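Dumped coords_16.csv below, it's CSV, C-alpha atoms and all ligand atoms:
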```csv
chain,number,residue,atom,x,y,z
A,1,ILE,CA,28.9,162.1,-214.0
A,2,SER,CA,29.1,160.6,-210.5
A,3,ARG,CA,32.5,162.2,-210.1
A,4,LEU,CA,31.1,165.5,-211.2
A,5,LYS,CA,28.2,165.1,-208.8
A,6,GLU,CA,30.7,164.5,-206.0
A,7,GLY,CA,32.8,167.4,-207.0
A,8,LEU,CA,29.8,169.7,-207.1
A,9,SER,CA,28.2,168.2,-204.0
A,10,LYS,CA,28.4,171.5,-202.0
A,11,THR,CA,26.5,173.4,-204.6
A,12,ARG,CA,24.1,170.6,-205.2
A,13,GLU,CA,23.3,170.0,-201.6
A,14,THR,CA,22.9,173.6,-200.6
A,15,PHE,CA,20.7,174.2,-203.6
A,16,ARG,CA,18.5,171.1,-203.1
A,17,GLU,CA,18.2,171.7,-199.4
A,18,LYS,CA,17.0,175.3,-199.8
A,19,LEU,CA,14.6,174.4,-202.5
A,20,SER,CA,13.1,171.6,-200.4
A,21,VAL,CA,12.7,174.0,-197.5
A,22,ILE,CA,10.7,176.5,-199.5
A,23,THR,CA,8.5,173.9,-201.2
A,24,GLN,CA,7.8,171.9,-198.1
A,25,GLY,CA,4.0,171.6,-197.6
A,26,LYS,CA,3.4,174.1,-200.4
A,27,THR,CA,0.9,173.4,-203.1
A,28,GLU,CA,0.7,176.9,-204.4
A,29,ILE,CA,3.1,179.5,-205.8
A,30,ASP,CA,2.7,182.9,-204.4
A,31,GLU,CA,4.7,186.2,-204.4
A,32,GLU,CA,6.6,185.2,-201.3
A,33,PHE,CA,7.6,181.9,-202.8
A,34,LEU,CA,8.9,183.5,-205.9
A,35,GLU,CA,11.0,185.9,-203.9
A,36,GLU,CA,12.5,183.1,-201.9
A,37,LEU,CA,13.3,181.3,-205.1
A,38,GLU,CA,14.9,184.3,-206.5
A,39,THR,CA,17.1,184.7,-203.5
A,40,ILE,CA,18.2,181.0,-203.7
A,41,LEU,CA,19.1,181.3,-207.3
A,42,VAL,CA,21.0,184.5,-206.9
A,43,ALA,CA,22.9,183.0,-204.0
A,44,ALA,CA,23.9,180.0,-206.2
A,45,ASP,CA,25.5,182.6,-208.5
A,46,VAL,CA,23.6,181.4,-211.6
A,47,GLY,CA,23.4,185.1,-212.6
A,48,VAL,CA,20.7,187.7,-212.5
A,49,GLU,CA,19.5,187.1,-216.1
A,50,THR,CA,19.2,183.4,-215.7
A,51,THR,CA,17.5,183.9,-212.3
A,52,LEU,CA,14.9,186.2,-213.8
A,53,ALA,CA,14.2,183.9,-216.7
A,54,ILE,CA,13.7,180.9,-214.3
A,55,VAL,CA,11.4,182.9,-212.0
A,56,GLU,CA,9.3,184.1,-215.0
A,57,ALA,CA,9.0,180.6,-216.4
A,58,ILE,CA,7.9,179.3,-213.0
A,59,THR,CA,5.3,182.1,-212.7
A,60,GLU,CA,3.9,181.2,-216.1
A,61,ARG,CA,3.7,177.5,-215.3
A,62,ALA,CA,2.1,178.1,-211.9
A,63,LYS,CA,-0.8,179.9,-213.6
A,64,LYS,CA,-1.7,176.8,-215.5
A,65,GLU,CA,-1.0,174.0,-213.1
A,66,THR,CA,-2.0,173.0,-209.6
A,67,TYR,CA,0.1,170.9,-207.2
A,68,ARG,CA,-1.0,168.3,-204.8
A,69,SER,CA,2.0,168.3,-202.7
A,70,GLY,CA,5.3,170.1,-201.9
A,71,GLU,CA,7.1,167.2,-203.5
A,72,GLU,CA,5.2,167.7,-206.7
A,73,LEU,CA,6.0,171.4,-206.7
A,74,ASN,CA,9.6,170.6,-206.0
A,75,ARG,CA,9.8,168.3,-209.0
A,76,MET,CA,8.3,170.9,-211.3
A,77,LEU,CA,10.9,173.4,-210.1
A,78,MET,CA,13.8,171.1,-210.7
A,79,GLU,CA,12.5,170.3,-214.2
A,80,GLU,CA,12.1,173.9,-215.1
A,81,ILE,CA,15.4,175.0,-213.7
A,82,GLN,CA,17.2,172.2,-215.5
A,83,GLN,CA,15.5,173.2,-218.7
A,84,LEU,CA,16.5,176.9,-218.4
A,85,LEU,CA,20.0,176.3,-217.4
A,86,LEU,CA,20.5,174.2,-220.5
A,87,ASP,CA,18.8,176.8,-222.6
A,88,THR,CA,22.0,178.8,-223.4
A,89,ASP,CA,25.0,178.1,-225.6
A,90,THR,CA,26.3,174.6,-225.6
A,91,ALA,CA,29.7,174.9,-227.3
A,92,HIS,CA,31.7,171.8,-226.4
A,93,PRO,CA,35.4,172.1,-225.9
A,94,LEU,CA,37.7,169.9,-227.8
A,95,ASP,CA,38.0,166.4,-226.3
A,96,PHE,CA,41.5,165.5,-225.1
A,97,ASP,CA,41.6,162.6,-227.5
A,98,ALA,CA,40.2,164.4,-230.5
A,99,PRO,CA,42.7,165.2,-233.2
A,100,LEU,CA,44.3,168.7,-232.8
A,101,PRO,CA,43.7,171.3,-235.5
A,102,GLU,CA,47.4,171.8,-235.7
A,103,THR,CA,50.6,170.6,-234.0
A,104,PRO,CA,52.3,171.8,-232.0
A,105,TYR,CA,49.2,173.1,-230.4
A,106,VAL,CA,50.3,175.9,-228.1
A,107,ILE,CA,48.1,176.7,-225.0
A,108,LEU,CA,48.9,179.7,-222.9
A,109,VAL,CA,47.6,179.5,-219.4
A,110,VAL,CA,47.1,182.8,-217.6
A,111,GLY,CA,45.5,184.0,-214.4
A,112,VAL,CA,46.4,185.6,-211.0
A,113,ASN,CA,48.4,183.7,-208.4
A,114,GLY,CA,46.4,181.3,-206.3
A,115,ALA,CA,43.7,180.8,-208.9
A,116,GLY,CA,45.0,177.3,-209.6
A,117,LYS,CA,47.1,177.9,-212.7
A,118,THR,CA,50.0,175.5,-212.0
A,119,THR,CA,47.6,172.8,-210.9
A,120,SER,CA,45.5,173.3,-214.0
A,121,VAL,CA,48.5,173.2,-216.3
A,122,ALA,CA,49.5,169.9,-214.8
A,123,LYS,CA,45.9,168.5,-215.0
A,124,LEU,CA,45.7,169.5,-218.7
A,125,ALA,CA,49.2,167.9,-219.3
A,126,HIS,CA,48.0,164.7,-217.6
A,127,ASN,CA,44.8,164.5,-219.7
A,128,TYR,CA,46.5,165.1,-223.0
A,129,ASP,CA,49.2,162.6,-222.0
A,130,LYS,CA,46.6,160.0,-221.1
A,131,ALA,CA,45.0,160.6,-224.5
A,132,GLY,CA,48.3,159.5,-226.1
A,133,LYS,CA,49.5,163.0,-227.0
A,134,LYS,CA,53.1,164.1,-226.7
A,135,VAL,CA,53.1,167.0,-224.3
A,136,ILE,CA,55.7,169.5,-222.9
A,137,ILE,CA,55.3,172.2,-220.3
A,138,ALA,CA,57.0,175.6,-220.4
A,139,ALA,CA,57.8,177.2,-217.1
A,140,ALA,CA,57.2,180.8,-218.1
A,141,ASP,CA,56.5,182.1,-214.6
A,142,THR,CA,60.0,183.1,-213.9
A,143,PHE,CA,59.0,185.8,-211.5
A,144,ARG,CA,57.5,183.9,-208.5
A,145,ALA,CA,60.1,182.3,-206.3
A,146,ALA,CA,60.0,178.5,-206.5
A,147,ALA,CA,57.4,178.5,-209.3
A,148,TYR,CA,59.7,176.3,-211.3
A,149,GLU,CA,60.2,173.8,-208.5
A,150,GLN,CA,56.5,173.6,-207.9
A,151,LEU,CA,55.7,173.1,-211.5
A,152,LYS,CA,58.5,170.5,-211.7
A,153,ILE,CA,56.8,168.4,-209.0
A,154,TRP,CA,53.5,168.5,-211.0
A,155,ALA,CA,55.2,167.9,-214.3
A,156,ASP,CA,56.8,164.7,-212.8
A,157,ARG,CA,53.4,163.6,-211.5
A,158,ALA,CA,52.0,164.1,-215.0
A,159,GLY,CA,55.0,162.3,-216.5
A,160,VAL,CA,55.6,165.2,-218.9
A,161,PRO,CA,58.9,167.0,-219.6
A,162,LEU,CA,59.3,170.6,-218.3
A,163,ILE,CA,61.3,173.3,-220.1
A,164,GLY,CA,62.6,176.1,-217.9
A,165,GLN,CA,65.5,178.3,-217.1
A,166,GLY,CA,65.0,179.1,-213.5
A,167,GLN,CA,63.9,182.2,-211.6
A,168,GLY,CA,64.7,185.5,-213.2
A,169,ALA,CA,65.1,184.1,-216.7
A,170,ASP,CA,63.3,185.8,-219.6
A,171,PRO,CA,60.0,184.0,-219.9
A,172,ALA,CA,59.8,184.7,-223.7
A,173,SER,CA,63.1,182.9,-224.1
A,174,VAL,CA,61.7,179.9,-222.2
A,175,VAL,CA,58.7,179.9,-224.5
A,176,TYR,CA,60.9,180.1,-227.6
A,177,ASP,CA,62.9,177.1,-226.3
A,178,ALA,CA,59.8,175.2,-225.6
A,179,VAL,CA,58.1,175.9,-229.0
A,180,SER,CA,61.4,175.2,-230.9
A,181,SER,CA,61.9,171.9,-229.1
A,182,ALA,CA,58.2,171.0,-229.7
A,183,VAL,CA,58.6,171.6,-233.5
A,184,SER,CA,61.8,169.6,-233.7
A,185,ARG,CA,60.5,166.7,-231.5
A,186,ASN,CA,57.0,166.5,-233.0
A,187,VAL,CA,55.3,167.4,-229.8
A,188,ASP,CA,51.6,167.7,-230.0
A,189,VAL,CA,50.8,170.1,-227.1
A,190,VAL,CA,52.8,172.9,-225.5
A,191,LEU,CA,51.4,174.1,-222.2
A,192,VAL,CA,52.7,177.4,-221.1
A,193,ASP,CA,52.5,178.4,-217.4
A,194,THR,CA,52.7,182.2,-217.1
A,195,ALA,CA,53.3,184.6,-214.3
A,196,GLY,CA,50.3,185.7,-212.2
A,197,ARG,CA,51.8,188.8,-210.9
A,198,LEU,CA,54.7,191.1,-211.9
A,199,HIS,CA,55.8,194.5,-210.6
A,200,ASN,CA,52.7,196.0,-212.1
A,201,LYS,CA,49.9,195.4,-214.6
A,202,ALA,CA,51.6,197.1,-217.5
A,203,HIS,CA,54.6,194.9,-217.1
A,204,LEU,CA,52.6,191.8,-217.0
A,205,MET,CA,50.8,192.8,-220.1
A,206,GLU,CA,54.1,193.5,-221.9
A,207,GLU,CA,55.4,190.2,-220.8
A,208,LEU,CA,52.4,188.2,-222.2
A,209,ALA,CA,52.6,190.1,-225.4
A,210,LYS,CA,56.3,189.3,-225.8
A,211,ILE,CA,55.6,185.6,-225.1
A,212,MET,CA,53.0,185.5,-227.8
A,213,ARG,CA,55.3,187.3,-230.3
A,214,VAL,CA,58.1,185.0,-229.7
A,215,ALA,CA,55.9,181.9,-229.9
A,216,LYS,CA,54.8,183.1,-233.3
A,217,LYS,CA,58.4,183.1,-234.6
A,218,LYS,CA,58.3,179.3,-234.6
A,219,VAL,CA,54.6,178.7,-235.0
A,220,PRO,CA,52.8,181.6,-236.7
A,221,THR,CA,49.4,180.6,-235.5
A,222,ALA,CA,50.4,180.3,-231.9
A,223,PRO,CA,49.1,180.6,-229.3
A,224,HIS,CA,46.1,178.5,-230.3
A,225,GLU,CA,44.4,178.9,-227.0
A,226,VAL,CA,44.7,181.4,-224.2
A,227,LEU,CA,43.0,179.9,-221.2
A,228,LEU,CA,42.2,182.1,-218.2
A,229,VAL,CA,42.2,180.3,-214.9
A,230,LEU,CA,39.6,181.7,-212.4
A,231,ASP,CA,39.0,180.6,-208.8
A,232,GLY,CA,35.3,179.6,-208.8
A,233,THR,CA,35.0,180.3,-205.1
A,234,THR,CA,35.5,184.0,-205.6
A,235,GLY,CA,32.2,184.8,-207.4
A,236,GLN,CA,32.0,188.3,-208.7
A,237,ASN,CA,35.7,188.8,-208.0
A,238,ALA,CA,36.5,186.3,-210.6
A,239,VAL,CA,34.4,188.2,-213.1
A,240,GLN,CA,36.3,191.4,-212.3
A,241,GLN,CA,39.7,189.6,-212.8
A,242,ALA,CA,38.6,188.2,-216.0
A,243,ARG,CA,37.6,191.7,-217.3
A,244,GLU,CA,41.1,192.9,-216.5
A,245,PHE,CA,42.8,190.1,-218.4
A,246,THR,CA,40.5,190.2,-221.4
A,247,LYS,CA,41.4,193.9,-221.8
A,248,PHE,CA,44.9,193.0,-222.9
A,249,VAL,CA,45.0,189.3,-223.9
A,250,ASN,CA,42.8,187.6,-226.3
A,251,VAL,CA,41.3,184.9,-223.9
A,252,THR,CA,39.8,182.0,-225.8
A,253,GLY,CA,38.3,180.2,-222.9
A,254,LEU,CA,38.1,179.8,-219.1
A,255,ILE,CA,39.1,177.2,-216.6
A,256,LEU,CA,37.0,177.5,-213.4
A,257,THR,CA,38.7,175.9,-210.4
A,258,LYS,CA,37.8,174.8,-206.9
A,259,LEU,CA,34.2,174.1,-207.7
A,260,ASP,CA,34.4,171.3,-205.1
A,261,GLY,CA,35.0,173.9,-202.4
A,262,THR,CA,32.0,176.1,-203.0
A,263,SER,CA,28.3,176.0,-202.8
A,264,LYS,CA,28.1,178.6,-205.6
A,265,GLY,CA,29.0,176.3,-208.5
A,266,GLY,CA,26.3,178.1,-210.4
A,267,ILE,CA,28.9,180.7,-211.3
A,268,VAL,CA,30.0,178.4,-214.2
A,269,LEU,CA,26.6,179.1,-215.8
A,270,SER,CA,26.6,182.8,-215.4
A,271,ILE,CA,30.2,183.7,-216.0
A,272,SER,CA,30.4,182.6,-219.6
A,273,ARG,CA,27.2,184.6,-220.3
A,274,GLU,CA,28.6,187.6,-218.6
A,275,LEU,CA,32.0,187.5,-220.2
A,276,LYS,CA,30.9,186.0,-223.5
A,277,LEU,CA,33.7,183.4,-223.1
A,278,PRO,CA,33.2,179.7,-223.0
A,279,VAL,CA,34.0,177.8,-219.9
A,280,LYS,CA,36.2,175.0,-221.3
A,281,TYR,CA,37.4,173.1,-218.2
A,282,ILE,CA,36.4,172.9,-214.6
A,283,GLY,CA,38.5,171.9,-211.6
A,284,VAL,CA,36.8,169.8,-209.0
A,285,GLY,CA,39.6,168.8,-206.7
A,286,GLU,CA,43.3,169.1,-205.9
A,287,LYS,CA,44.5,165.9,-207.6
A,288,ILE,CA,45.9,165.6,-211.1
A,289,ASP,CA,42.8,163.9,-212.5
A,290,ASP,CA,40.4,166.4,-211.0
A,291,LEU,CA,39.9,168.4,-214.1
A,292,GLN,CA,36.9,167.9,-216.4
A,293,LEU,CA,35.9,169.1,-219.8
A,294,PHE,CA,33.0,171.4,-219.3
A,295,ASP,CA,29.8,169.9,-220.6
A,296,ARG,CA,26.8,172.0,-219.9
A,297,GLU,CA,24.3,169.2,-220.0
A,298,LYS,CA,26.3,167.0,-217.7
A,299,PHE,CA,27.0,169.9,-215.4
A,300,VAL,CA,23.3,170.9,-215.1
A,301,GLU,CA,22.4,167.3,-214.5
A,302,ALA,CA,25.0,167.0,-211.8
A,303,LEU,CA,23.7,170.2,-210.2
A,304,VAL,CA,20.0,169.7,-210.2
A,305,GLY,CA,19.2,166.4,-212.0
B,401,LIG,P1,48.5,179.2,-209.1
B,401,LIG,O1,49.2,180.2,-208.1
B,401,LIG,O2,47.5,179.9,-209.8
B,401,LIG,O3,49.5,178.5,-209.9
B,401,LIG,O4,47.7,178.2,-208.2
B,401,LIG,P2,48.1,176.7,-207.8
B,401,LIG,O5,47.9,175.8,-209.0
B,401,LIG,O6,49.3,176.6,-207.0
B,401,LIG,O7,46.8,176.4,-206.8
B,401,LIG,C1,46.6,177.1,-205.6
B,401,LIG,C2,45.9,176.2,-204.6
B,401,LIG,O8,44.6,175.9,-205.1
B,401,LIG,C3,46.6,174.9,-204.4
B,401,LIG,O9,46.5,174.6,-203.0
B,401,LIG,C4,45.8,173.9,-205.2
B,401,LIG,O10,45.8,172.6,-204.6
B,401,LIG,C5,44.4,174.5,-205.1
B,401,LIG,N1,43.5,174.1,-206.2
B,401,LIG,C6,43.7,174.3,-207.6
B,401,LIG,N2,42.7,173.8,-208.3
B,401,LIG,C7,41.8,173.3,-207.4
B,401,LIG,C8,40.5,172.6,-207.5
B,401,LIG,O11,39.9,172.4,-208.6
B,401,LIG,N3,39.9,172.2,-206.3
B,401,LIG,C9,40.5,172.4,-205.1
B,401,LIG,N4,39.9,172.0,-204.0
B,401,LIG,N5,41.7,173.1,-205.0
B,401,LIG,C10,42.3,173.5,-206.1
```

Take the structure I supplied and represent it as structure tokens, if you would.
Amino acid sequence: ISRLKEGLSKTRETFREKLSVITQGKTEIDEEFLEELETILVAADVGVETTLAIVEAITERAKKETYRSGEELNRMLMEEIQQLLLDTDTAHPLDFDAPLPETPYVILVVGVNGAGKTTSVAKLAHNYDKAGKKVIIAAADTFRAAAYEQLKIWADRAGVPLIGQGQGADPASVVYDAVSSAVSRNVDVVLVDTAGRLHNKAHLMEELAKIMRVAKKKVPTAPHEVLLVLDGTTGQNAVQQAREFTKFVNVTGLILTKLDGTSKGGIVLSISRELKLPVKYIGVGEKIDDLQLFDREKFVEALVG
């Protein structure tokens, strides 16, 4: 949790600072205060629905209570916000060391270039490897120049083998190789890094569909997960991107990256509600161990606790 607090420090500090400014010297909640609170919550990207719920709860509480100081009012605010942020779904992702439902467990990682896909693949590989699982990575982004070389550096860092055929190869063929090899070598987890951009959207869609079809030839239930990587610093843009992807791939969960670089970490709480998709992992730094399982309780505590 302290690592999480550190990773979220920008969001945490901005949020706390703003709240302390509006509560300073206040013992009473008025219309102006509620408006300011609303602005702060919206700016933290916790989402309109959540914002309104929080403002309403505070209005109700303010009718029944009086405050002796700004600090007391601030404490009440924090309590109420924490409660309401927790008050939504709490589906926990699978722990890295939990037994997998099936092996090889095939995880497709998708998202636009620059979102943090390659880094996230490596971070996942590292975590599964650390948990004692046998992992391989498939380099199925054969479109972007040097994608293989970049992934190779990360795979080496994670100490995990990489399967690839170089730029221009058929990505579905890479995935077929990887899944076949996983079956014959009793690999637990296959992580597939996919292209973030092709000549056009239809082409990208076709390619992902073909990858899935080919993976199923070896493992009929594959892919077990399709994780969409989104850059957490891009706010509503990330939501838009997610909508595009979910139109043509069955995304099972989200990875939100770069939360260390934003003061709008609240997006994690609004995005899953908006997209009806669970946030499974969050990226809080550039290093290989800067990926965390998303745990709503811990997250909220790191944010406002
Ligand atoms: P891809 O194009 O989607 O494969 O993106 P990359 O994995 O290459 O990442 C793009 C950039 O984002 C790189 O400079 C990464 O170091 C950086 N990045 C990825 N995840 C995080 C994160 O959680 N925090 C920070 N600060 N940077 C990240």

- Message: Please find the residues contacting ligand LIG 401 (chain B) at a distance of at most 9 Å between atoms, with all atoms listed in the file counted, and report them as a PyMOL selection string.
- Response: chain A and resi 7+110-122+147+150-151+193-196+229-232+256-262+282-287+290-291

Within 10 Å of region 73-87 of chain A, counting only C-alpha atoms, which residues show up once you throw out same-chain ones fewer than 4 positions away? Write them as a compact mmCIF listing (two decimals) with C-alpha atoms, in the coordinates of the input, please.
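See result-v3.txt below for the written result:
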```
# COMPACT_ATOMS: atom_id res chain seq x y z
CA ARG A 16 18.50 171.10 -203.10
CA LEU A 19 14.60 174.40 -202.50
CA SER A 20 13.10 171.60 -200.40
CA VAL A 21 12.70 174.00 -197.50
CA ILE A 22 10.70 176.50 -199.50
CA THR A 23 8.50 173.90 -201.20
CA GLN A 24 7.80 171.90 -198.10
CA GLY A 25 4.00 171.60 -197.60
CA LYS A 26 3.40 174.10 -200.40
CA THR A 27 0.90 173.40 -203.10
CA GLU A 28 0.70 176.90 -204.40
CA ILE A 29 3.10 179.50 -205.80
CA LEU A 37 13.30 181.30 -205.10
CA LEU A 41 19.10 181.30 -207.30
CA VAL A 46 23.60 181.40 -211.60
CA THR A 50 19.20 183.40 -215.70
CA THR A 51 17.50 183.90 -212.30
CA ALA A 53 14.20 183.90 -216.70
CA ILE A 54 13.70 180.90 -214.30
CA VAL A 55 11.40 182.90 -212.00
CA ALA A 57 9.00 180.60 -216.40
CA ILE A 58 7.90 179.30 -213.00
CA ARG A 61 3.70 177.50 -215.30
CA ALA A 62 2.10 178.10 -211.90
CA GLU A 65 -1.00 174.00 -213.10
CA THR A 66 -2.00 173.00 -209.60
CA TYR A 67 0.10 170.90 -207.20
CA ARG A 68 -1.00 168.30 -204.80
CA SER A 69 2.00 168.30 -202.70
CA GLY A 266 26.30 178.10 -210.40
CA LEU A 269 26.60 179.10 -215.80
CA SER A 270 26.60 182.80 -215.40
CA ARG A 296 26.80 172.00 -219.90
CA GLU A 297 24.30 169.20 -220.00
CA LYS A 298 26.30 167.00 -217.70
CA PHE A 299 27.00 169.90 -215.40
CA VAL A 300 23.30 170.90 -215.10
CA GLU A 301 22.40 167.30 -214.50
CA LEU A 303 23.70 170.20 -210.20
CA VAL A 304 20.00 169.70 -210.20
CA GLY A 305 19.20 166.40 -212.00
```

- Atom pair CA of Ala209 (chain A) / CA of Leu228 (chain A): separation (Å): 15.0 Å

- Message: Just the number, please: distance in Å from CA of Glu244 (chain A) to CA of Met205 (chain A), one decimal.
- Response: 10.3 Å

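A straight line drawn from CA of Val190 (chain A) to CA of Lys134 (chain A) is 8.9 Å long.
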
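Using all atoms listed in the file, the nearest neighbour of Val179 (chain A) within the list A:Gln165, A:Thr39, A:Thr103, A:Thr246 is A:Thr103.
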
- Query: From the list A:Lys280, A:Lys152, A:Arg197, A:Lys247, which residue is nearest Val268 (chain A) when using only C-alpha atoms?
  - Reply: A:Lys280

- Message: With distances taken over all atoms listed in the file, which residue among A:Ala146, A:Ala158, A:Ala178, A:Ile255 lies nearest Asn127 (chain A)?
- Response: A:Ala158

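Distance check against Lys201 (chain A) using all atoms listed in the file: of A:Phe245, A:Tyr105, A:Tyr176, A:Tyr281, the minimum falls on A:Phe245.
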
- Message: I'd like the neighbourhood of Arg243 (chain A) as a VMD selection string, where a residue qualifies if any of its atoms comes within 12 Å (using all atoms listed in the file), though same-chain residues fewer than 5 positions away should be ignored.
- Response: chain A and resid 111 228 230 236 to 238 248 to 251 271 to 272 274 to 277

Those residues with C-alpha atoms, as an mmCIF file, in the frame of the given file please?
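Once written, selection08.cif looks like this:
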```
data_model
loop_
_atom_site.group_PDB
_atom_site.id
_atom_site.type_symbol
_atom_site.label_atom_id
_atom_site.label_comp_id
_atom_site.auth_asym_id
_atom_site.auth_seq_id
_atom_site.Cartn_x
_atom_site.Cartn_y
_atom_site.Cartn_z
ATOM 1 C CA GLY A 111 45.500 184.000 -214.400
ATOM 2 C CA LEU A 228 42.200 182.100 -218.200
ATOM 3 C CA LEU A 230 39.600 181.700 -212.400
ATOM 4 C CA GLN A 236 32.000 188.300 -208.700
ATOM 5 C CA ASN A 237 35.700 188.800 -208.000
ATOM 6 C CA ALA A 238 36.500 186.300 -210.600
ATOM 7 C CA PHE A 248 44.900 193.000 -222.900
ATOM 8 C CA VAL A 249 45.000 189.300 -223.900
ATOM 9 C CA ASN A 250 42.800 187.600 -226.300
ATOM 10 C CA VAL A 251 41.300 184.900 -223.900
ATOM 11 C CA ILE A 271 30.200 183.700 -216.000
ATOM 12 C CA SER A 272 30.400 182.600 -219.600
ATOM 13 C CA GLU A 274 28.600 187.600 -218.600
ATOM 14 C CA LEU A 275 32.000 187.500 -220.200
ATOM 15 C CA LYS A 276 30.900 186.000 -223.500
ATOM 16 C CA LEU A 277 33.700 183.400 -223.100
#
```
